[in-house]
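Q: For reference, this is structure-v7.cif, and it has mmCIF, C-alpha atoms.
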data_query
#
loop_
_atom_site.group_PDB
_atom_site.id
_atom_site.type_symbol
_atom_site.label_atom_id
_atom_site.label_comp_id
_atom_site.auth_asym_id
_atom_site.auth_seq_id
_atom_site.Cartn_x
_atom_site.Cartn_y
_atom_site.Cartn_z
ATOM 1 C CA MET A 1 -5.308 -12.343 -5.108
ATOM 2 C CA ASN A 2 -6.247 -11.541 -8.732
ATOM 3 C CA LYS A 3 -9.574 -13.348 -8.313
ATOM 4 C CA VAL A 4 -10.237 -11.507 -5.059
ATOM 5 C CA LEU A 5 -9.522 -8.156 -6.717
ATOM 6 C CA LEU A 6 -11.669 -8.954 -9.778
ATOM 7 C CA PHE A 7 -14.607 -9.988 -7.581
ATOM 8 C CA SER A 8 -14.182 -6.857 -5.438
ATOM 9 C CA ILE A 9 -14.093 -4.624 -8.533
ATOM 10 C CA LEU A 10 -17.286 -6.112 -10.019
ATOM 11 C CA LEU A 11 -19.092 -6.052 -6.659
ATOM 12 C CA ASN A 12 -18.231 -2.422 -5.931
ATOM 13 C CA LEU A 13 -18.910 -1.286 -9.510
ATOM 14 C CA ALA A 14 -22.413 -2.768 -9.293
ATOM 15 C CA PHE A 15 -22.989 -0.870 -6.063
ATOM 16 C CA VAL A 16 -21.748 2.396 -7.579
ATOM 17 C CA VAL A 17 -24.293 2.083 -10.408
ATOM 18 C CA ALA A 18 -27.112 1.214 -7.966
ATOM 19 C CA GLU A 19 -26.202 4.069 -5.598
ATOM 20 C CA ALA A 20 -25.995 6.618 -8.426
ATOM 21 C CA LEU A 21 -29.397 5.537 -9.768
ATOM 22 C CA MET A 22 -30.917 5.774 -6.269
ATOM 23 C CA GLY A 23 -29.367 9.220 -5.803
ATOM 24 C CA LEU A 24 -30.906 10.432 -9.060
ATOM 25 C CA TRP A 25 -34.277 8.907 -8.163
ATOM 26 C CA VAL A 26 -34.575 10.531 -4.715
ATOM 27 C CA ASN A 27 -32.618 13.649 -5.733
ATOM 28 C CA SER A 28 -29.982 13.049 -3.045
ATOM 29 C CA LEU A 29 -26.682 14.870 -3.465
ATOM 30 C CA SER A 30 -25.320 12.859 -0.543
ATOM 31 C CA LEU A 31 -25.829 9.551 -2.337
ATOM 32 C CA LEU A 32 -24.479 10.897 -5.634
ATOM 33 C CA SER A 33 -21.354 12.203 -3.878
ATOM 34 C CA ASP A 34 -20.836 8.882 -2.119
ATOM 35 C CA ALA A 35 -21.270 7.067 -5.454
ATOM 36 C CA GLY A 36 -18.524 9.237 -6.919
ATOM 37 C CA HIS A 37 -16.281 8.449 -3.962
ATOM 38 C CA ASN A 38 -17.006 4.722 -4.357
ATOM 39 C CA LEU A 39 -16.091 4.981 -8.033
ATOM 40 C CA SER A 40 -12.638 6.242 -7.018
ATOM 41 C CA ASP A 41 -12.290 3.103 -4.889
ATOM 42 C CA VAL A 42 -13.150 0.923 -7.876
ATOM 43 C CA PHE A 43 -10.412 2.789 -9.761
ATOM 44 C CA SER A 44 -8.046 2.064 -6.874
ATOM 45 C CA LEU A 45 -8.804 -1.663 -7.030
ATOM 46 C CA VAL A 46 -8.239 -1.623 -10.801
ATOM 47 C CA LEU A 47 -4.838 0.025 -10.243
ATOM 48 C CA VAL A 48 -3.865 -2.672 -7.759
ATOM 49 C CA MET A 49 -4.815 -5.380 -10.263
ATOM 50 C CA ILE A 50 -2.747 -3.626 -12.941
ATOM 51 C CA ALA A 51 0.181 -3.515 -10.499
ATOM 52 C CA PHE A 52 -0.094 -7.264 -9.919
ATOM 53 C CA ARG A 53 -0.098 -7.905 -13.674
ATOM 54 C CA LEU A 54 2.879 -5.597 -14.262
ATOM 55 C CA SER A 55 4.882 -7.250 -11.482
ATOM 56 C CA LYS A 56 4.612 -10.578 -13.331
ATOM 57 C CA ILE A 57 6.133 -9.253 -16.576
ATOM 58 C CA LYS A 58 9.619 -10.645 -17.130
ATOM 59 C CA SER A 59 12.672 -8.414 -17.204
ATOM 60 C CA ASN A 60 14.112 -7.158 -20.490
ATOM 61 C CA LYS A 61 17.124 -5.193 -21.739
ATOM 62 C CA THR A 62 15.493 -1.872 -20.852
ATOM 63 C CA PHE A 63 13.868 -2.841 -17.521
ATOM 64 C CA THR A 64 16.229 -5.363 -15.952
ATOM 65 C CA TYR A 65 13.999 -5.740 -12.883
ATOM 66 C CA GLY A 66 10.865 -5.956 -15.021
ATOM 67 C CA TYR A 67 8.029 -3.604 -14.046
ATOM 68 C CA LYS A 68 7.996 -4.447 -10.347
ATOM 69 C CA LYS A 69 8.750 -0.843 -9.339
ATOM 70 C CA SER A 70 5.366 0.144 -10.807
ATOM 71 C CA THR A 71 3.717 -1.440 -7.747
ATOM 72 C CA ILE A 72 5.366 1.218 -5.560
ATOM 73 C CA LEU A 73 4.289 4.049 -7.870
ATOM 74 C CA ILE A 74 0.719 2.737 -7.870
ATOM 75 C CA SER A 75 0.666 2.550 -4.068
ATOM 76 C CA LEU A 76 1.782 6.208 -4.031
ATOM 77 C CA LEU A 77 -0.966 7.088 -6.521
ATOM 78 C CA ASN A 78 -3.515 5.299 -4.336
ATOM 79 C CA ALA A 79 -2.417 7.354 -1.333
ATOM 80 C CA ILE A 80 -2.811 10.550 -3.377
ATOM 81 C CA ILE A 81 -6.299 9.458 -4.506
ATOM 82 C CA LEU A 82 -7.261 8.938 -0.864
ATOM 83 C CA LEU A 83 -6.049 12.451 -0.011
ATOM 84 C CA VAL A 84 -8.067 13.868 -2.917
ATOM 85 C CA ALA A 85 -11.118 11.967 -1.639
ATOM 86 C CA VAL A 86 -10.578 13.514 1.817
ATOM 87 C CA GLY A 87 -10.429 16.959 0.220
ATOM 88 C CA ILE A 88 -13.667 16.337 -1.692
ATOM 89 C CA ILE A 89 -15.462 15.108 1.434
ATOM 90 C CA ILE A 90 -14.349 18.131 3.469
ATOM 91 C CA THR A 91 -15.266 20.569 0.665
ATOM 92 C CA GLU A 92 -18.684 18.975 0.252
ATOM 93 C CA SER A 93 -19.244 18.973 4.022
ATOM 94 C CA VAL A 94 -18.403 22.688 4.300
ATOM 95 C CA HIS A 95 -20.789 23.425 1.416
ATOM 96 C CA LYS A 96 -23.583 21.502 3.157
ATOM 97 C CA LEU A 97 -22.943 23.352 6.418
ATOM 98 C CA GLN A 98 -23.355 26.644 4.592
ATOM 99 C CA SER A 99 -26.312 25.545 2.475
ATOM 100 C CA PRO A 100 -28.273 22.705 4.137
ATOM 101 C CA ALA A 101 -30.408 20.702 1.697
ATOM 102 C CA GLU A 102 -33.410 18.431 2.168
ATOM 103 C CA ILE A 103 -32.462 14.765 2.332
ATOM 104 C CA ASN A 104 -34.610 11.633 2.130
ATOM 105 C CA GLY A 105 -33.364 10.002 5.326
ATOM 106 C CA ALA A 106 -34.955 6.588 4.716
ATOM 107 C CA ALA A 107 -33.528 6.209 1.200
ATOM 108 C CA VAL A 108 -30.099 7.322 2.399
ATOM 109 C CA SER A 109 -30.154 4.845 5.314
ATOM 110 C CA TRP A 110 -31.145 1.838 3.189
ATOM 111 C CA THR A 111 -28.541 2.582 0.524
ATOM 112 C CA ALA A 112 -25.830 3.151 3.140
ATOM 113 C CA ALA A 113 -26.720 -0.165 4.814
ATOM 114 C CA VAL A 114 -26.141 -1.988 1.526
ATOM 115 C CA GLY A 115 -22.867 -0.083 1.157
ATOM 116 C CA ILE A 116 -21.697 -1.232 4.592
ATOM 117 C CA VAL A 117 -22.307 -4.879 3.653
ATOM 118 C CA ILE A 118 -20.512 -4.606 0.294
ATOM 119 C CA ASN A 119 -17.595 -2.518 1.550
ATOM 120 C CA GLY A 120 -17.278 -4.655 4.672
ATOM 121 C CA LEU A 121 -17.137 -7.834 2.571
ATOM 122 C CA THR A 122 -14.408 -6.294 0.398
ATOM 123 C CA VAL A 123 -12.432 -5.313 3.516
ATOM 124 C CA LEU A 124 -12.576 -8.919 4.749
ATOM 125 C CA LEU A 125 -11.397 -10.217 1.364
ATOM 126 C CA LEU A 126 -8.411 -7.842 1.357
ATOM 127 C CA MET A 127 -7.530 -8.143 5.051
ATOM 128 C CA LYS A 128 -5.041 -11.006 4.700
ATOM 129 C CA GLY A 129 -3.204 -9.640 1.648
ATOM 130 C CA GLN A 130 -2.790 -6.119 3.066
ATOM 131 C CA GLN A 131 -0.390 -7.341 5.751
ATOM 132 C CA ASN A 132 2.371 -8.151 3.251
ATOM 133 C CA ASP A 133 1.763 -5.851 0.281
ATOM 134 C CA LEU A 134 1.650 -2.053 0.379
ATOM 135 C CA ASN A 135 -0.525 -1.976 -2.722
ATOM 136 C CA VAL A 136 -3.175 -4.252 -1.274
ATOM 137 C CA ARG A 137 -2.990 -2.177 1.906
ATOM 138 C CA GLY A 138 -3.812 0.901 -0.153
ATOM 139 C CA ALA A 139 -6.903 -0.789 -1.589
ATOM 140 C CA PHE A 140 -7.761 -2.082 1.896
ATOM 141 C CA LEU A 141 -7.607 1.439 3.337
ATOM 142 C CA HIS A 142 -9.803 2.700 0.504
ATOM 143 C CA MET A 143 -12.472 0.141 1.389
ATOM 144 C CA VAL A 144 -12.158 0.771 5.154
ATOM 145 C CA ALA A 145 -12.639 4.470 4.415
ATOM 146 C CA ASP A 146 -15.679 3.665 2.294
ATOM 147 C CA THR A 147 -17.142 1.512 5.051
ATOM 148 C CA LEU A 148 -16.691 4.383 7.521
ATOM 149 C CA VAL A 149 -18.354 6.785 5.086
ATOM 150 C CA SER A 150 -21.282 4.371 4.681
ATOM 151 C CA VAL A 151 -21.608 4.060 8.469
ATOM 152 C CA GLY A 152 -21.670 7.846 8.718
ATOM 153 C CA VAL A 153 -24.293 8.100 5.978
ATOM 154 C CA LEU A 154 -26.402 5.430 7.733
ATOM 155 C CA VAL A 155 -26.246 7.257 11.067
ATOM 156 C CA SER A 156 -27.062 10.584 9.425
ATOM 157 C CA GLY A 157 -30.005 8.967 7.624
ATOM 158 C CA PHE A 158 -31.438 7.695 10.913
ATOM 159 C CA VAL A 159 -30.952 11.062 12.630
ATOM 160 C CA ILE A 160 -32.509 12.970 9.699
ATOM 161 C CA THR A 161 -35.507 10.625 9.618
ATOM 162 C CA ALA A 162 -36.041 10.947 13.367
ATOM 163 C CA THR A 163 -35.315 14.650 13.889
ATOM 164 C CA GLY A 164 -35.032 16.340 10.482
ATOM 165 C CA TRP A 165 -31.609 17.718 11.533
ATOM 166 C CA THR A 166 -29.744 17.675 8.196
ATOM 167 C CA LEU A 167 -26.561 19.243 9.593
ATOM 168 C CA ILE A 168 -25.609 15.837 11.024
ATOM 169 C CA ASP A 169 -24.622 14.776 7.491
ATOM 170 C CA PRO A 170 -21.762 17.290 6.939
ATOM 171 C CA ILE A 171 -20.613 17.020 10.565
ATOM 172 C CA LEU A 172 -20.178 13.256 10.278
ATOM 173 C CA GLY A 173 -18.615 13.724 6.838
ATOM 174 C CA MET A 174 -15.848 15.953 8.240
ATOM 175 C CA THR A 175 -15.252 13.561 11.151
ATOM 176 C CA ILE A 176 -14.862 10.622 8.771
ATOM 177 C CA ALA A 177 -12.515 12.680 6.551
ATOM 178 C CA VAL A 178 -10.174 13.197 9.515
ATOM 179 C CA VAL A 179 -10.186 9.446 10.279
ATOM 180 C CA ILE A 180 -9.356 8.653 6.630
ATOM 181 C CA LEU A 181 -6.574 11.268 6.638
ATOM 182 C CA VAL A 182 -4.922 9.710 9.694
ATOM 183 C CA SER A 183 -5.021 6.194 8.202
ATOM 184 C CA THR A 184 -3.769 7.444 4.825
ATOM 185 C CA TRP A 185 -0.722 9.196 6.250
ATOM 186 C CA SER A 186 1.045 5.908 6.952
ATOM 187 C CA LEU A 187 0.425 4.647 3.411
ATOM 188 C CA LEU A 188 1.633 7.940 1.919
ATOM 189 C CA SER A 189 4.839 8.065 3.987
ATOM 190 C CA LYS A 190 5.703 4.422 3.215
ATOM 191 C CA SER A 191 5.044 4.891 -0.510
ATOM 192 C CA LEU A 192 7.180 8.030 -0.658
ATOM 193 C CA ARG A 193 9.949 6.276 1.254
ATOM 194 C CA LEU A 194 10.044 3.342 -1.177
ATOM 195 C CA SER A 195 9.758 5.660 -4.206
ATOM 196 C CA LEU A 196 12.933 7.416 -3.037
ATOM 197 C CA ASP A 197 14.702 4.065 -2.513
ATOM 198 C CA GLY A 198 14.668 4.459 1.248
ATOM 199 C CA ILE A 199 15.140 1.400 3.455
ATOM 200 C CA PRO A 200 11.804 -0.491 3.543
ATOM 201 C CA GLU A 201 9.911 -0.488 6.811
ATOM 202 C CA GLY A 202 10.743 -3.513 8.935
ATOM 203 C CA VAL A 203 14.270 -3.837 7.539
ATOM 204 C CA ASP A 204 16.988 -3.105 10.130
ATOM 205 C CA ILE A 205 20.214 -2.316 8.284
ATOM 206 C CA ASP A 206 22.304 -2.659 11.483
ATOM 207 C CA ARG A 207 20.887 -6.116 12.046
ATOM 208 C CA ILE A 208 21.613 -7.024 8.422
ATOM 209 C CA GLY A 209 25.249 -5.948 8.805
ATOM 210 C CA GLN A 210 25.551 -7.991 11.994
ATOM 211 C CA THR A 211 23.885 -11.014 10.365
ATOM 212 C CA MET A 212 26.356 -10.928 7.479
ATOM 213 C CA SER A 213 29.345 -10.486 9.828
ATOM 214 C CA GLU A 214 28.281 -13.542 11.865
ATOM 215 C CA VAL A 215 28.723 -15.847 8.864
ATOM 216 C CA PRO A 216 31.895 -17.997 9.302
ATOM 217 C CA HIS A 217 34.963 -16.575 7.528
ATOM 218 C CA VAL A 218 33.329 -13.138 7.108
ATOM 219 C CA LYS A 219 35.468 -10.464 8.770
ATOM 220 C CA GLU A 220 33.439 -7.388 7.846
ATOM 221 C CA ALA A 221 30.494 -6.154 5.767
ATOM 222 C CA HIS A 222 30.328 -2.538 4.577
ATOM 223 C CA HIS A 223 28.846 -0.302 1.858
ATOM 224 C CA ILE A 224 25.473 -1.924 2.551
ATOM 225 C CA HIS A 225 22.548 -0.578 0.528
ATOM 226 C CA VAL A 226 18.952 -1.839 0.755
ATOM 227 C CA TRP A 227 15.987 -0.737 -1.361
ATOM 228 C CA ALA A 228 12.614 -2.023 -2.532
ATOM 229 C CA ILE A 229 12.241 -3.590 -5.982
ATOM 230 C CA SER A 230 8.476 -3.767 -5.482
ATOM 231 C CA THR A 231 5.992 -3.543 -2.620
ATOM 232 C CA THR A 232 6.860 -7.148 -1.666
ATOM 233 C CA GLU A 233 10.539 -7.624 -2.658
ATOM 234 C CA ASN A 234 13.718 -6.008 -1.323
ATOM 235 C CA ALA A 235 17.233 -5.953 -2.796
ATOM 236 C CA LEU A 236 20.692 -5.446 -1.295
ATOM 237 C CA THR A 237 24.217 -4.663 -2.431
ATOM 238 C CA ALA A 238 27.196 -4.938 -0.086
ATOM 239 C CA HIS A 239 30.971 -5.362 0.124
ATOM 240 C CA VAL A 240 31.972 -8.429 2.146
ATOM 241 C CA VAL A 241 35.479 -9.039 3.483
ATOM 242 C CA ILE A 242 36.398 -12.734 3.896
ATOM 243 C CA ASP A 243 39.522 -14.504 5.129
ATOM 244 C CA GLU A 244 39.370 -17.667 3.008
ATOM 245 C CA ILE A 245 38.856 -17.188 -0.729
ATOM 246 C CA ALA A 246 38.652 -20.968 -1.318
ATOM 247 C CA ARG A 247 35.270 -21.027 0.483
ATOM 248 C CA LEU A 248 33.873 -18.107 -1.538
ATOM 249 C CA GLU A 249 30.793 -19.841 -2.963
ATOM 250 C CA ASP A 250 29.830 -21.442 0.365
ATOM 251 C CA ILE A 251 30.133 -18.080 2.130
ATOM 252 C CA LYS A 252 27.980 -16.309 -0.470
ATOM 253 C CA GLU A 253 25.316 -19.023 -0.304
ATOM 254 C CA GLU A 254 25.187 -18.825 3.501
ATOM 255 C CA ILE A 255 24.965 -15.001 3.441
ATOM 256 C CA ARG A 256 22.084 -15.081 0.953
ATOM 257 C CA HIS A 257 20.309 -17.736 3.014
ATOM 258 C CA ARG A 258 20.527 -15.634 6.177
ATOM 259 C CA LEU A 259 19.537 -12.463 4.338
ATOM 260 C CA SER A 260 16.373 -14.159 3.059
ATOM 261 C CA HIS A 261 15.227 -14.348 6.695
ATOM 262 C CA CYS A 262 15.795 -10.585 6.983
ATOM 263 C CA GLY A 263 13.424 -9.788 4.123
ATOM 264 C CA ILE A 264 16.042 -9.572 1.345
ATOM 265 C CA ALA A 265 15.001 -11.356 -1.849
ATOM 266 C CA HIS A 266 17.931 -10.273 -4.077
ATOM 267 C CA ALA A 267 21.504 -9.820 -2.819
ATOM 268 C CA THR A 268 24.475 -8.652 -4.903
ATOM 269 C CA LEU A 269 27.736 -9.179 -3.029
ATOM 270 C CA GLU A 270 31.194 -7.824 -3.856
ATOM 271 C CA ILE A 271 33.746 -10.049 -2.173
ATOM 272 C CA GLU A 272 37.053 -8.712 -0.831
ATOM 273 C CA THR A 273 39.872 -10.621 0.852
ATOM 274 C CA THR A 274 41.463 -9.483 4.080
ATOM 275 C CA ASP A 275 44.760 -8.806 2.309
ATOM 276 C CA SER A 276 43.256 -6.625 -0.432
ATOM 277 C CA HIS A 277 41.063 -4.869 2.141
ATOM 278 C CA CYS A 278 44.022 -3.972 4.323
ATOM 279 C CA HIS A 279 46.040 -2.874 1.328
ATOM 280 C CA ALA A 280 43.188 -0.637 0.171
ATOM 281 C CA ARG A 281 42.964 0.936 3.605
ATOM 282 C CA ARG A 282 46.714 1.627 3.718
ATOM 283 C CA CYS A 283 46.410 3.365 0.340
#
Could you write out this file's structure as structure tokens?
A:
Amino acid sequence: MNKVLLFSILLNLAFVVAEALMGLWVNSLSLLSDAGHNLSDVFSLVLVMIAFRLSKIKSNKTFTYGYKKSTILISLLNAIILLVAVGIIITESVHKLQSPAEINGAAVSWTAAVGIVINGLTVLLLMKGQQNDLNVRGAFLHMVADTLVSVGVLVSGFVITATGWTLIDPILGMTIAVVILVSTWSLLSKSLRLSLDGIPEGVDIDRIGQTMSEVPHVKEAHHIHVWAISTTENALTAHVVIDEIARLEDIKEEIRHRLSHCGIAHATLEIETTDSHCHARRC
């Protein structure tokens, strides 16, 4: 994934430079604005790469889980960047509606076409990784949003060339902003949920309790807590009541094995015997 991200960063950075130069050459505010938006996507990809590097750093006395939690914070930052981008697009679109400007439709269309190819290629490269990692999904959504913006710019370029109707540009811009906002909401809500140590999406805590209780010699599982260590790893703590202390290690191994199929990478179990459990309840 690091190689994919590095290639995507270099590819999109080259396009940002080319688009900015074209915007300056034809005096197109539309292209310059889109270049600025694309630059934010390059920044997003860089953040994802940083998150991958941080997640590989070993734990220490201060950060006993390493820096894996940084991947969640970066996914939240990516969601915020997308919302800022939506705000910029809407603000710019409103400004263009109020003060329409002349636009070189042909230059805009050709540049947008190149943008569709580059952004589309990046989307394809990130498509597989975004299914299992919230951070990669953030970068994926950035590039999908960019592809939509480029499609809108291409369409507006064609319409402007054919009819001279420049208002199509801000109208499409606001439409695309709404689409980006809808897709970003899911990323934002998931990132906030994990940042607050909420149960990760796809993890059913009732099912986890039942799975643990179905292990032989386990009478009950309670005080179950699940949270995300990173965008790809989940942890659990729980109290487990067993009826045969001699089989303690076998029971713990079986519980951890079953939990791994429920998306739990790290499990900390506090074992209780039926006698001590009943005594505690009587107290």
Q: Excluding same-chain residues fewer than 5 positions from Val42 in chain A, what lies within 12 Å of it counting only C-alpha atoms, as a PyMOL selection string?
A: chain A and resi 5-17+35-37+47-49+78+81+119+122+139-140+142-143+146
Q: Rounded to one decimal, what separation in Å do you get between CA of Gly87 in chain A and CA of Trp185 in chain A?
A: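 Answer for the CA of Gly87 in chain A to CA of Trp185 in chain A separation: 13.8 Å.
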Q: Would you tabulate, counting only C-alpha atoms, all residues of range 148-203 of chain A that have an atom at most 7 Å from an atom of range 227-232 of chain A, showing the closest pair of atoms and their distance in Å to one decimal, sorted by chain then ascending number, as a tab-separated table?
A:
residue	atom	partner	partner_atom	distance
A:Leu194	CA	A:Ala228	CA	6.1
A:Asp197	CA	A:Trp227	CA	5.1
A:Gly198	CA	A:Trp227	CA	6.0
A:Ile199	CA	A:Trp227	CA	5.3
A:Pro200	CA	A:Ala228	CA	6.3
Q: Could you tell me how far CA of Leu141 in chain A sits from CA of Ala85 in chain A, in Å to one decimal place?
A: 12.2 Å
Q: Any idea what the distance is between CA of Leu97 in chain A and CA of Leu154 in chain A?
A: 18.3 Å
Q: Got a sec: who's within 12 Å of range 211-222 of chain A, counting only C-alpha atoms, leaving out chain neighbours fewer than 4 positions off, as JSON, numbers by chain?
A: {"A": [204, 205, 206, 207, 236, 237, 238, 239, 240, 241, 242, 243, 244, 245, 246, 247, 248, 249, 250, 251, 252, 253, 254, 255, 256, 257, 258, 259, 260, 261, 262, 267, 269, 270, 271, 272, 273, 274, 275, 277, 278]}
Q: Pick from A:Leu187, A:Val4, A:Leu76, A:Ala265: nearest to Met127 in chain A, with only C-alpha atoms counted?
A: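 Ranking A:Leu187, A:Val4, A:Leu76, A:Ala265 by distance to Met127 in chain A, first place goes to A:Val4.
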Q: Taking into account all atoms listed in the file, which residue in the set A:Asn38, A:Ser70, A:Gln130, A:Asn60 is nearest to Ala145 in chain A?
A: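 Selected residue with least distance to Ala145 in chain A: A:Asn38.
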Q: Suppose a student applies the PyMOL selection byres ((chain A and resi 89) around 10) to this structure; what residues should they get, written as a PyMOL selection string?
A: chain A and resi 33-34+37+83-88+90-95+149+170+173-178
Q: May I ask which of the residues A:Thr111, A:Thr62, A:Gln210, A:Ser183 is the closest one to Phe158 in chain A, counting only C-alpha atoms?
A: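 With only C-alpha atoms as the atom set, the closest residue is A:Thr111.
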Q: Would you write out, as number ranges by chain, every residue that the PyMOL selection byres ((chain A and resi 135) around 7) captures in this file?
A: A: 48, 71, 75, 133-134, 136-139, 231
Q: Here is a test: counting all atoms listed in the file, which residue of A:Lys69, A:Ala20, A:Leu192, A:Asp41 is nearest to Leu54 in chain A?
A: A:Lys69
Q: For Ala106 in chain A, which residue out of A:Leu24, A:Ala18, A:Ser156, A:His266 is the nearest one, using only C-alpha atoms?
A: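 Among the listed residues, A:Ser156 lies closest to Ala106 in chain A.
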Q: Have a look at A:Ser189, A:Gly105, A:Gly120, A:Ile50 and name the one nearest to Ala162 in chain A; count only C-alpha atoms.
A: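 Closest to Ala162 in chain A of all the choices is A:Gly105.
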Q: Could you tell me, as a PyMOL selection string, exactly which residues end up selected when the PyMOL selection byres ((chain A and resi 112) around 7) is applied to this structure?
A: chain A and resi 108-111+113-116+150-151+153-154
Q: List the spatial neighbours of Leu167 in chain A as a list in words - criterion: any atom at most 10 Å away, all atoms listed in the file, same-chain residues fewer than 3 positions off excluded.
A: Ser93, Lys96, Leu97, Gln98, Ser99, Pro100, Ala101, Ser156, Val159, Ile160, Gly164, Pro170, Ile171 and Leu172 of chain A
Q: Take the selection from the previous step and output its residues with C-alpha atoms, as a PDB file, in the frame of the given file.
A:
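So the final result, stored in part24.pdb, reads:
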ATOM      1  CA  SER A  93     -19.244  18.973   4.022  1.00  0.00           C
ATOM      2  CA  LYS A  96     -23.583  21.502   3.157  1.00  0.00           C
ATOM      3  CA  LEU A  97     -22.943  23.352   6.418  1.00  0.00           C
ATOM      4  CA  GLN A  98     -23.355  26.644   4.592  1.00  0.00           C
ATOM      5  CA  SER A  99     -26.312  25.545   2.475  1.00  0.00           C
ATOM      6  CA  PRO A 100     -28.273  22.705   4.137  1.00  0.00           C
ATOM      7  CA  ALA A 101     -30.408  20.702   1.697  1.00  0.00           C
ATOM      8  CA  SER A 156     -27.062  10.584   9.425  1.00  0.00           C
ATOM      9  CA  VAL A 159     -30.952  11.062  12.630  1.00  0.00           C
ATOM     10  CA  ILE A 160     -32.509  12.970   9.699  1.00  0.00           C
ATOM     11  CA  GLY A 164     -35.032  16.340  10.482  1.00  0.00           C
ATOM     12  CA  PRO A 170     -21.762  17.290   6.939  1.00  0.00           C
ATOM     13  CA  ILE A 171     -20.613  17.020  10.565  1.00  0.00           C
ATOM     14  CA  LEU A 172     -20.178  13.256  10.278  1.00  0.00           C
TER      15      LEU A 172
END
